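Working notes for the structure below.
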Amino acid sequence: MSAPDPEEIASFRWGGVRARPRKKIKGKTLTGATYLKPPGSLGSRWPGLGISIEIECCDDCQIYILDKTEQVQVADCKNCRVVVGPCVGSVFFMDCVGCTFSVAAKQIRVRDVTSSELRIYAPTHECAVVETSSALSFRAWDVAYAGLAAQFSTTGWDGAVNHWDRVYDFSPAEPGAPPTFTLLPAEAQRLTRWSELSVSPEGLSGGSVVERCGPEAATPECECPVLAADGTQYDGVPDAQPGTRLRPAPTTAPPPAPASVAPPPAA
C-alpha cells in the first residue's frame with residue numbers, strides 16, 4: 001500500500017493560523033471557504049494508516065470530512081457547517097461558536113463550545129462528552145452521502161442503535177442557571193430529518209457541496225445506515241420502535257381465490 005505524498009499529507013490540516021504571542025505569530029482567520037475530503041480520499045484509500053485531520057481558525061466556512069478517519073480536531077471556528085464522517089477514534093470540538101456539527105465517532109469531545117448544534121451518531125453509551133460549554137443542542141445524526149454505508153460497514157457500528165441522547169456533562173450548570181445543553185425532541189427533528197450531500201471535489205481538499213435538507217430521502221445516490229431519532233430508515237420506512245433494528249415484513253401467500261359456483265338450472 002502506497003503512502004500519501006507530502007502534498008496530500010499537508011492537506012490534512014486546513015484553516016487559518018492561531019495567534020501565538022510568545023512566538024510572535026499573529027492570528028489569521030480563514031473566511032467563507034470550503035474544505036472537502038470526499039469519500040475515498042482518506043481512510044478508505046489508505047486503510048490502517050490512522051489519518052488525523054486538523055481544522056482551525058475558520059469563520060463562515062463549510063467543512064466536509066466524508067471519509068473514515070482516526071482522529072479529527074476542530075478548533076477556533078465560528079458560524080461554520082462541519083460534517084465529520086465515521087471516525088473510529090476521537091473527534092474534538094474546541095473553542096467554537098455558532099456552528100452546526102454533524103459527527104459520527106467512537107468518542108465525541110466538546111470543550112469551550114457555545115451556541116452550537118451537534119447532530120451525532122454515538123455508538124456507545126455516553127461517548128459524547130461536554131466540558132465548560134453552553135447553549136448547546138443535541139440531535140440525531142442526519143447526513144446521507146454516497147459511500148457512507150460502506151464506510152460504516154468497516155467500523156462494526158450498528159446504525160440501528162444511536163445513543164445521541166446520552167451525553168455526559170463534566171461541568172454541569174449551577175442550580176438555577178440555564179442548562180449546558182438540550183436534547184431536541186424526535187418530533188422536532190422530523191422536518192429536517194435528513195441532510196443529503198451532493199459533492200463535486202476539486203484538487204486535494206477543495207470543491208463544492210450541495211446540501212439538501214428534508215423529511216424524506218430524495219437523492220438517489222445518497223445513503224445513510226443510521227436510523228433517525230424517530231426510528232425512520234433513510235429509505236423512508238418508519239420503525240415500529242425507535243432504537244431497534246428494522247426487520248423485513250414476513251412474506252405471506254395471498255389467500256386462494258374463491259371457487260366459482262355455477263348457477264342452479266332453471267326450473
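Each chain of the C-alpha cells is named A, B, ... in the order shown, its residues numbered from 1; ligands are numbered from 1 in display order.
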Any idea what's packed within 6 Å of stretch 11-24 of chain A, counting only C-alpha atoms, ignoring anything in its chain fewer than 2 positions away? Could you give it as a list of chain:residue names?
A:Glu8, A:Ile9, A:Lys26, A:Gly27, A:Lys28, A:Thr29, A:Leu30, A:Ile53, A:Glu54, A:Ile55, A:Glu56, A:Cys57, A:Cys58
Could you list, with a cut-off of 7 Å and counting only C-alpha atoms, the residues of stretch 127-146 of chain A near stretch 223-226 of chain A, each shown with its nearest atom pair and the distance in Å rounded to one decimal, rows sorted by chain and ascending number, as a Markdown table?
```
| residue | atom | partner | partner_atom | distance |
| --- | --- | --- | --- | --- |
| A:Val143 | CA | A:Cys224 | CA | 7.0 |
| A:Ala144 | CA | A:Cys224 | CA | 4.8 |
| A:Tyr145 | CA | A:Glu223 | CA | 5.3 |
| A:Ala146 | CA | A:Glu223 | CA | 5.7 |
```
Export all heavy atoms of the chosen residues as a compact mmCIF listing (two decimals), in the first residue's frame?
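New file result38.txt:
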```
# COMPACT_ATOMS: atom_id res chain seq x y z
N VAL A 143 -26.89 13.06 8.25
CA VAL A 143 -26.26 13.19 6.94
C VAL A 143 -26.34 11.90 6.13
O VAL A 143 -26.17 10.80 6.65
CB VAL A 143 -24.79 13.63 7.10
CG1 VAL A 143 -24.06 13.59 5.76
CG2 VAL A 143 -24.73 15.03 7.68
N ALA A 144 -26.58 12.07 4.83
CA ALA A 144 -26.55 10.97 3.87
C ALA A 144 -25.68 11.38 2.69
O ALA A 144 -25.79 12.50 2.20
CB ALA A 144 -27.97 10.64 3.39
N TYR A 145 -24.80 10.46 2.26
CA TYR A 145 -24.00 10.72 1.07
C TYR A 145 -23.55 9.40 0.48
O TYR A 145 -23.57 8.35 1.15
CB TYR A 145 -22.80 11.64 1.36
CG TYR A 145 -21.81 11.15 2.39
CD1 TYR A 145 -20.79 10.25 2.08
CD2 TYR A 145 -21.87 11.63 3.70
CE1 TYR A 145 -19.87 9.83 3.02
CE2 TYR A 145 -20.95 11.22 4.66
CZ TYR A 145 -19.95 10.33 4.32
OH TYR A 145 -19.03 9.91 5.26
N ALA A 146 -23.15 9.43 -0.77
CA ALA A 146 -22.72 8.21 -1.47
C ALA A 146 -21.49 7.62 -0.79
O ALA A 146 -20.51 8.33 -0.55
CB ALA A 146 -22.43 8.53 -2.93
```
Closest of A:Gly50, A:Pro185, A:Pro86, A:Ile63 to A:Ala149 - atom-to-atom distances counting only C-alpha atoms
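With only C-alpha atoms as the atom set, the closest residue is A:Pro86.
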As a PyMOL selection string, list the residues of stretch 83-171 of chain A assigned to alpha helix (DSSP H) by DSSP on the backbone atoms of this structure.
chain A and resi 148-153
For A:Gly85, list every protein, DNA or RNA residue within 9 Å, evaluated using only C-alpha atoms, and leave out those in the same chain fewer than 3 positions away; present the list as an mmCIF file with all heavy atoms, in the first residue's frame.
```
data_model
loop_
_atom_site.group_PDB
_atom_site.id
_atom_site.type_symbol
_atom_site.label_atom_id
_atom_site.label_comp_id
_atom_site.auth_asym_id
_atom_site.auth_seq_id
_atom_site.Cartn_x
_atom_site.Cartn_y
_atom_site.Cartn_z
ATOM 1 N N TYR A 64 -16.303 19.593 5.173
ATOM 2 C CA TYR A 64 -16.880 18.264 4.947
ATOM 3 C C TYR A 64 -15.765 17.227 4.911
ATOM 4 O O TYR A 64 -14.963 17.188 3.974
ATOM 5 C CB TYR A 64 -17.661 18.234 3.639
ATOM 6 C CG TYR A 64 -18.850 19.159 3.612
ATOM 7 C CD1 TYR A 64 -18.743 20.454 3.105
ATOM 8 C CD2 TYR A 64 -20.090 18.745 4.101
ATOM 9 C CE1 TYR A 64 -19.831 21.306 3.077
ATOM 10 C CE2 TYR A 64 -21.191 19.591 4.086
ATOM 11 C CZ TYR A 64 -21.055 20.870 3.572
ATOM 12 O OH TYR A 64 -22.147 21.714 3.559
ATOM 13 N N ILE A 65 -15.715 16.380 5.931
ATOM 14 C CA ILE A 65 -14.742 15.294 6.012
ATOM 15 C C ILE A 65 -15.535 14.001 5.832
ATOM 16 O O ILE A 65 -16.087 13.448 6.791
ATOM 17 C CB ILE A 65 -14.002 15.324 7.359
ATOM 18 C CG1 ILE A 65 -13.338 16.702 7.549
ATOM 19 C CG2 ILE A 65 -12.962 14.207 7.435
ATOM 20 C CD1 ILE A 65 -12.836 16.950 8.955
ATOM 21 N N LEU A 66 -15.618 13.531 4.601
ATOM 22 C CA LEU A 66 -16.572 12.483 4.237
ATOM 23 C C LEU A 66 -15.908 11.134 3.988
ATOM 24 O O LEU A 66 -16.302 10.398 3.082
ATOM 25 C CB LEU A 66 -17.374 12.926 3.000
ATOM 26 C CG LEU A 66 -18.050 14.296 3.095
ATOM 27 C CD1 LEU A 66 -18.856 14.569 1.832
ATOM 28 C CD2 LEU A 66 -18.924 14.408 4.332
ATOM 29 N N ASP A 67 -14.918 10.818 4.780
ATOM 30 C CA ASP A 67 -14.294 9.503 4.696
ATOM 31 C C ASP A 67 -13.797 9.120 6.084
ATOM 32 O O ASP A 67 -13.740 9.943 7.010
ATOM 33 C CB ASP A 67 -13.145 9.492 3.685
ATOM 34 C CG ASP A 67 -12.843 8.094 3.158
ATOM 35 O OD1 ASP A 67 -13.645 7.170 3.407
ATOM 36 O OD2 ASP A 67 -11.788 7.914 2.504
ATOM 37 N N LYS A 68 -13.431 7.878 6.222
ATOM 38 C CA LYS A 68 -13.046 7.329 7.517
ATOM 39 C C LYS A 68 -11.738 7.943 8.011
ATOM 40 O O LYS A 68 -10.782 8.100 7.245
ATOM 41 C CB LYS A 68 -12.912 5.809 7.381
ATOM 42 C CG LYS A 68 -12.763 5.054 8.671
ATOM 43 C CD LYS A 68 -12.764 3.557 8.371
ATOM 44 C CE LYS A 68 -12.457 2.734 9.600
ATOM 45 N NZ LYS A 68 -12.408 1.282 9.281
ATOM 46 N N THR A 69 -11.705 8.298 9.314
ATOM 47 C CA THR A 69 -10.522 8.884 9.928
ATOM 48 C C THR A 69 -10.244 8.213 11.270
ATOM 49 O O THR A 69 -11.073 7.479 11.806
ATOM 50 C CB THR A 69 -10.698 10.392 10.153
ATOM 51 O OG1 THR A 69 -11.891 10.598 10.921
ATOM 52 C CG2 THR A 69 -10.791 11.151 8.842
ATOM 53 N N SER A 102 -22.255 17.877 12.347
ATOM 54 C CA SER A 102 -22.759 16.509 12.193
ATOM 55 C C SER A 102 -21.544 15.606 12.301
ATOM 56 O O SER A 102 -20.578 15.759 11.548
ATOM 57 C CB SER A 102 -23.448 16.309 10.839
ATOM 58 O OG SER A 102 -24.627 17.083 10.746
ATOM 59 N N VAL A 103 -21.575 14.665 13.258
ATOM 60 C CA VAL A 103 -20.380 13.873 13.512
ATOM 61 C C VAL A 103 -20.766 12.457 13.917
ATOM 62 O O VAL A 103 -21.687 12.244 14.709
ATOM 63 C CB VAL A 103 -19.498 14.537 14.598
ATOM 64 C CG1 VAL A 103 -20.304 14.824 15.853
ATOM 65 C CG2 VAL A 103 -18.283 13.675 14.938
ATOM 66 N N ALA A 104 -20.047 11.473 13.355
ATOM 67 C CA ALA A 104 -20.180 10.068 13.732
ATOM 68 C C ALA A 104 -18.816 9.610 14.212
ATOM 69 O O ALA A 104 -17.859 9.584 13.429
ATOM 70 C CB ALA A 104 -20.634 9.230 12.548
ATOM 71 N N ALA A 105 -18.716 9.258 15.504
ATOM 72 C CA ALA A 105 -17.401 8.946 16.048
ATOM 73 C C ALA A 105 -17.497 8.031 17.254
ATOM 74 O O ALA A 105 -18.505 8.008 17.964
ATOM 75 C CB ALA A 105 -16.663 10.225 16.438
ATOM 76 N N VAL A 143 -26.894 13.060 8.251
ATOM 77 C CA VAL A 143 -26.263 13.188 6.937
ATOM 78 C C VAL A 143 -26.340 11.902 6.128
ATOM 79 O O VAL A 143 -26.174 10.796 6.653
ATOM 80 C CB VAL A 143 -24.795 13.631 7.098
ATOM 81 C CG1 VAL A 143 -24.061 13.589 5.764
ATOM 82 C CG2 VAL A 143 -24.732 15.034 7.679
ATOM 83 N N LEU A 148 -21.420 6.219 2.281
ATOM 84 C CA LEU A 148 -21.464 6.219 3.745
ATOM 85 C C LEU A 148 -21.725 4.823 4.314
ATOM 86 O O LEU A 148 -21.149 4.436 5.332
ATOM 87 C CB LEU A 148 -22.536 7.205 4.233
ATOM 88 C CG LEU A 148 -22.714 7.312 5.741
ATOM 89 C CD1 LEU A 148 -21.415 7.728 6.422
ATOM 90 C CD2 LEU A 148 -23.829 8.310 6.083
ATOM 91 N N GLN A 151 -18.562 2.799 4.413
ATOM 92 C CA GLN A 151 -17.679 3.282 5.477
ATOM 93 C C GLN A 151 -18.123 2.742 6.839
ATOM 94 O O GLN A 151 -17.305 2.300 7.645
ATOM 95 C CB GLN A 151 -17.662 4.811 5.483
ATOM 96 C CG GLN A 151 -17.038 5.424 4.242
ATOM 97 C CD GLN A 151 -17.249 6.931 4.161
ATOM 98 O OE1 GLN A 151 -17.699 7.558 5.117
ATOM 99 N NE2 GLN A 151 -16.937 7.515 3.012
ATOM 100 N N PHE A 152 -19.425 2.783 7.101
ATOM 101 C CA PHE A 152 -19.952 2.278 8.367
ATOM 102 C C PHE A 152 -19.679 0.784 8.524
ATOM 103 O O PHE A 152 -19.417 0.305 9.627
ATOM 104 C CB PHE A 152 -21.451 2.554 8.456
ATOM 105 C CG PHE A 152 -21.806 3.676 9.397
ATOM 106 C CD1 PHE A 152 -21.642 4.989 8.998
ATOM 107 C CD2 PHE A 152 -22.291 3.420 10.662
ATOM 108 C CE1 PHE A 152 -21.958 6.040 9.847
ATOM 109 C CE2 PHE A 152 -22.610 4.454 11.531
ATOM 110 C CZ PHE A 152 -22.445 5.772 11.124
#
```
Selection near stretch 204-208 of chain A, 8 Å with only C-alpha atoms, sequence-local residues under 5 positions removed, as a list in words
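Those residues are Glu8, Ser11, Thr34, Tyr35, Leu36, Lys37 and Val199 of chain A.
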Residues of the last selection are to be written out with N, CA and C atoms, as an mmCIF file, in the first residue's frame.
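The new file out_2.cif reads:
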```
data_model
loop_
_atom_site.group_PDB
_atom_site.id
_atom_site.type_symbol
_atom_site.label_atom_id
_atom_site.label_comp_id
_atom_site.auth_asym_id
_atom_site.auth_seq_id
_atom_site.Cartn_x
_atom_site.Cartn_y
_atom_site.Cartn_z
ATOM 1 N N GLU A 8 -0.268 15.645 -0.155
ATOM 2 C CA GLU A 8 -1.507 15.073 0.365
ATOM 3 C C GLU A 8 -1.540 15.173 1.887
ATOM 4 N N SER A 11 -2.572 18.462 3.152
ATOM 5 C CA SER A 11 -3.996 18.764 3.014
ATOM 6 C C SER A 11 -4.815 18.247 4.183
ATOM 7 N N THR A 34 -14.462 26.552 1.516
ATOM 8 C CA THR A 34 -14.967 25.179 1.626
ATOM 9 C C THR A 34 -13.809 24.202 1.667
ATOM 10 N N TYR A 35 -13.849 23.307 2.652
ATOM 11 C CA TYR A 35 -12.889 22.207 2.757
ATOM 12 C C TYR A 35 -13.650 20.917 2.515
ATOM 13 N N LEU A 36 -13.218 20.154 1.533
ATOM 14 C CA LEU A 36 -13.914 18.922 1.170
ATOM 15 C C LEU A 36 -12.928 17.778 1.001
ATOM 16 N N LYS A 37 -13.096 16.756 1.844
ATOM 17 C CA LYS A 37 -12.424 15.487 1.654
ATOM 18 C C LYS A 37 -13.519 14.472 1.310
ATOM 19 N N VAL A 199 -21.598 16.012 -3.806
ATOM 20 C CA VAL A 199 -20.266 16.617 -3.746
ATOM 21 C C VAL A 199 -19.629 16.689 -5.131
#
```
Just checking: using only C-alpha atoms, which residue out of A:Cys213, A:Ala135, A:Leu184, A:Val161 ends up closest to A:Arg119?
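Nearest candidate to A:Arg119 out of A:Cys213, A:Ala135, A:Leu184, A:Val161: A:Leu184.
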Report the residues of stretch 6-250 of chain A whose backbone DSSP state falls under strand (DSSP E), written as a ChimeraX atom specification.
/A:13-15,30-31,34-37,52-59,62-65,69-78,81-94,100-111,114-121,128-131,134-140,143-144,167-169,181-183,194-202,206-214
Would you output that residue set with C-alpha atoms, as a tab-separated table (two decimals), in the first residue's frame?
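What follows is the written file again.tsv:
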```tsv
chain	number	residue	atom	x	y	z
A	13	ARG	CA	-4.50	20.40	8.01
A	14	TRP	CA	-6.64	23.34	6.96
A	15	GLY	CA	-7.82	26.75	8.05
A	30	LEU	CA	-9.95	31.84	7.03
A	31	THR	CA	-13.37	33.15	5.95
A	34	THR	CA	-14.97	25.18	1.63
A	35	TYR	CA	-12.89	22.21	2.76
A	36	LEU	CA	-13.91	18.92	1.17
A	37	LYS	CA	-12.42	15.49	1.65
A	52	SER	CA	-5.86	12.64	11.54
A	53	ILE	CA	-7.44	15.87	10.34
A	54	GLU	CA	-6.90	19.29	11.97
A	55	ILE	CA	-9.11	22.30	11.26
A	56	GLU	CA	-8.68	25.66	12.99
A	57	CYS	CA	-9.46	29.38	12.84
A	58	CYS	CA	-12.35	29.36	10.35
A	59	ASP	CA	-15.27	31.76	10.06
A	62	GLN	CA	-18.14	24.75	5.01
A	63	ILE	CA	-16.10	21.77	6.22
A	64	TYR	CA	-16.88	18.26	4.95
A	65	ILE	CA	-14.74	15.29	6.01
A	69	THR	CA	-10.52	8.88	9.93
A	70	GLU	CA	-8.67	8.04	13.14
A	71	GLN	CA	-8.92	11.46	14.79
A	72	VAL	CA	-10.35	14.89	13.96
A	73	GLN	CA	-9.82	18.19	15.75
A	74	VAL	CA	-11.82	21.34	15.01
A	75	ALA	CA	-10.82	24.46	16.96
A	76	ASP	CA	-11.48	28.20	16.96
A	77	CYS	CA	-14.28	28.06	14.39
A	78	LYS	CA	-17.22	30.43	14.18
A	81	ARG	CA	-21.03	23.96	8.97
A	82	VAL	CA	-18.95	20.89	9.84
A	83	VAL	CA	-19.61	17.29	8.79
A	84	VAL	CA	-17.35	14.50	10.04
A	85	GLY	CA	-17.98	11.03	8.60
A	86	PRO	CA	-17.05	7.86	10.52
A	87	CYS	CA	-14.14	8.48	12.89
A	88	VAL	CA	-13.00	5.31	14.66
A	89	GLY	CA	-11.18	7.33	17.31
A	90	SER	CA	-11.96	10.72	18.84
A	91	VAL	CA	-13.37	13.93	17.43
A	92	PHE	CA	-12.57	17.10	19.40
A	93	PHE	CA	-14.51	20.35	19.06
A	94	MET	CA	-12.88	23.21	20.96
A	100	THR	CA	-23.61	23.23	13.20
A	101	PHE	CA	-21.79	19.92	13.57
A	102	SER	CA	-22.76	16.51	12.19
A	103	VAL	CA	-20.38	13.87	13.51
A	104	ALA	CA	-20.18	10.07	13.73
A	105	ALA	CA	-17.40	8.95	16.05
A	106	LYS	CA	-16.33	6.44	18.67
A	107	GLN	CA	-15.82	9.36	21.04
A	108	ILE	CA	-17.02	12.97	20.76
A	109	ARG	CA	-15.40	15.60	22.99
A	110	VAL	CA	-16.84	19.11	23.21
A	111	ARG	CA	-14.93	21.77	25.19
A	114	THR	CA	-21.14	27.77	22.75
A	115	SER	CA	-24.38	28.36	20.85
A	116	SER	CA	-23.92	25.34	18.57
A	117	GLU	CA	-25.92	22.33	17.38
A	118	LEU	CA	-24.49	18.81	17.37
A	119	ARG	CA	-26.12	16.13	15.21
A	120	ILE	CA	-24.38	12.99	16.31
A	121	TYR	CA	-24.03	9.26	15.86
A	128	ALA	CA	-20.36	12.17	23.76
A	129	VAL	CA	-18.77	14.31	26.49
A	130	VAL	CA	-19.27	18.03	27.14
A	131	GLU	CA	-17.00	20.28	29.21
A	134	SER	CA	-23.03	26.38	27.00
A	135	ALA	CA	-26.17	26.77	24.88
A	136	LEU	CA	-25.67	23.50	23.03
A	137	SER	CA	-28.36	21.46	21.29
A	138	PHE	CA	-28.04	17.74	20.53
A	139	ARG	CA	-29.98	15.72	17.98
A	140	ALA	CA	-29.50	12.54	15.95
A	143	VAL	CA	-26.26	13.19	6.94
A	144	ALA	CA	-26.55	10.97	3.87
A	167	VAL	CA	-24.50	12.95	26.71
A	168	TYR	CA	-22.18	13.21	29.70
A	169	ASP	CA	-21.52	16.69	31.12
A	181	PHE	CA	-27.23	21.53	26.59
A	182	THR	CA	-30.69	20.48	25.48
A	183	LEU	CA	-31.94	17.45	23.54
A	194	TRP	CA	-32.03	14.10	6.52
A	195	SER	CA	-29.26	16.28	5.08
A	196	GLU	CA	-28.29	14.86	1.68
A	197	LEU	CA	-24.90	15.82	0.25
A	198	SER	CA	-24.01	16.01	-3.43
A	199	VAL	CA	-20.27	16.62	-3.75
A	200	SER	CA	-18.06	17.94	-6.54
A	201	PRO	CA	-14.39	17.60	-5.46
A	202	GLU	CA	-11.61	19.77	-6.85
A	206	GLY	CA	-11.48	21.81	-2.49
A	207	GLY	CA	-14.72	21.68	-4.41
A	208	SER	CA	-18.35	22.31	-3.68
A	209	VAL	CA	-21.13	20.62	-1.75
A	210	VAL	CA	-24.86	20.96	-2.26
A	211	GLU	CA	-26.76	20.11	0.90
A	212	ARG	CA	-30.46	19.34	0.76
A	213	CYS	CA	-32.47	19.05	3.99
A	214	GLY	CA	-35.88	17.44	4.28
```
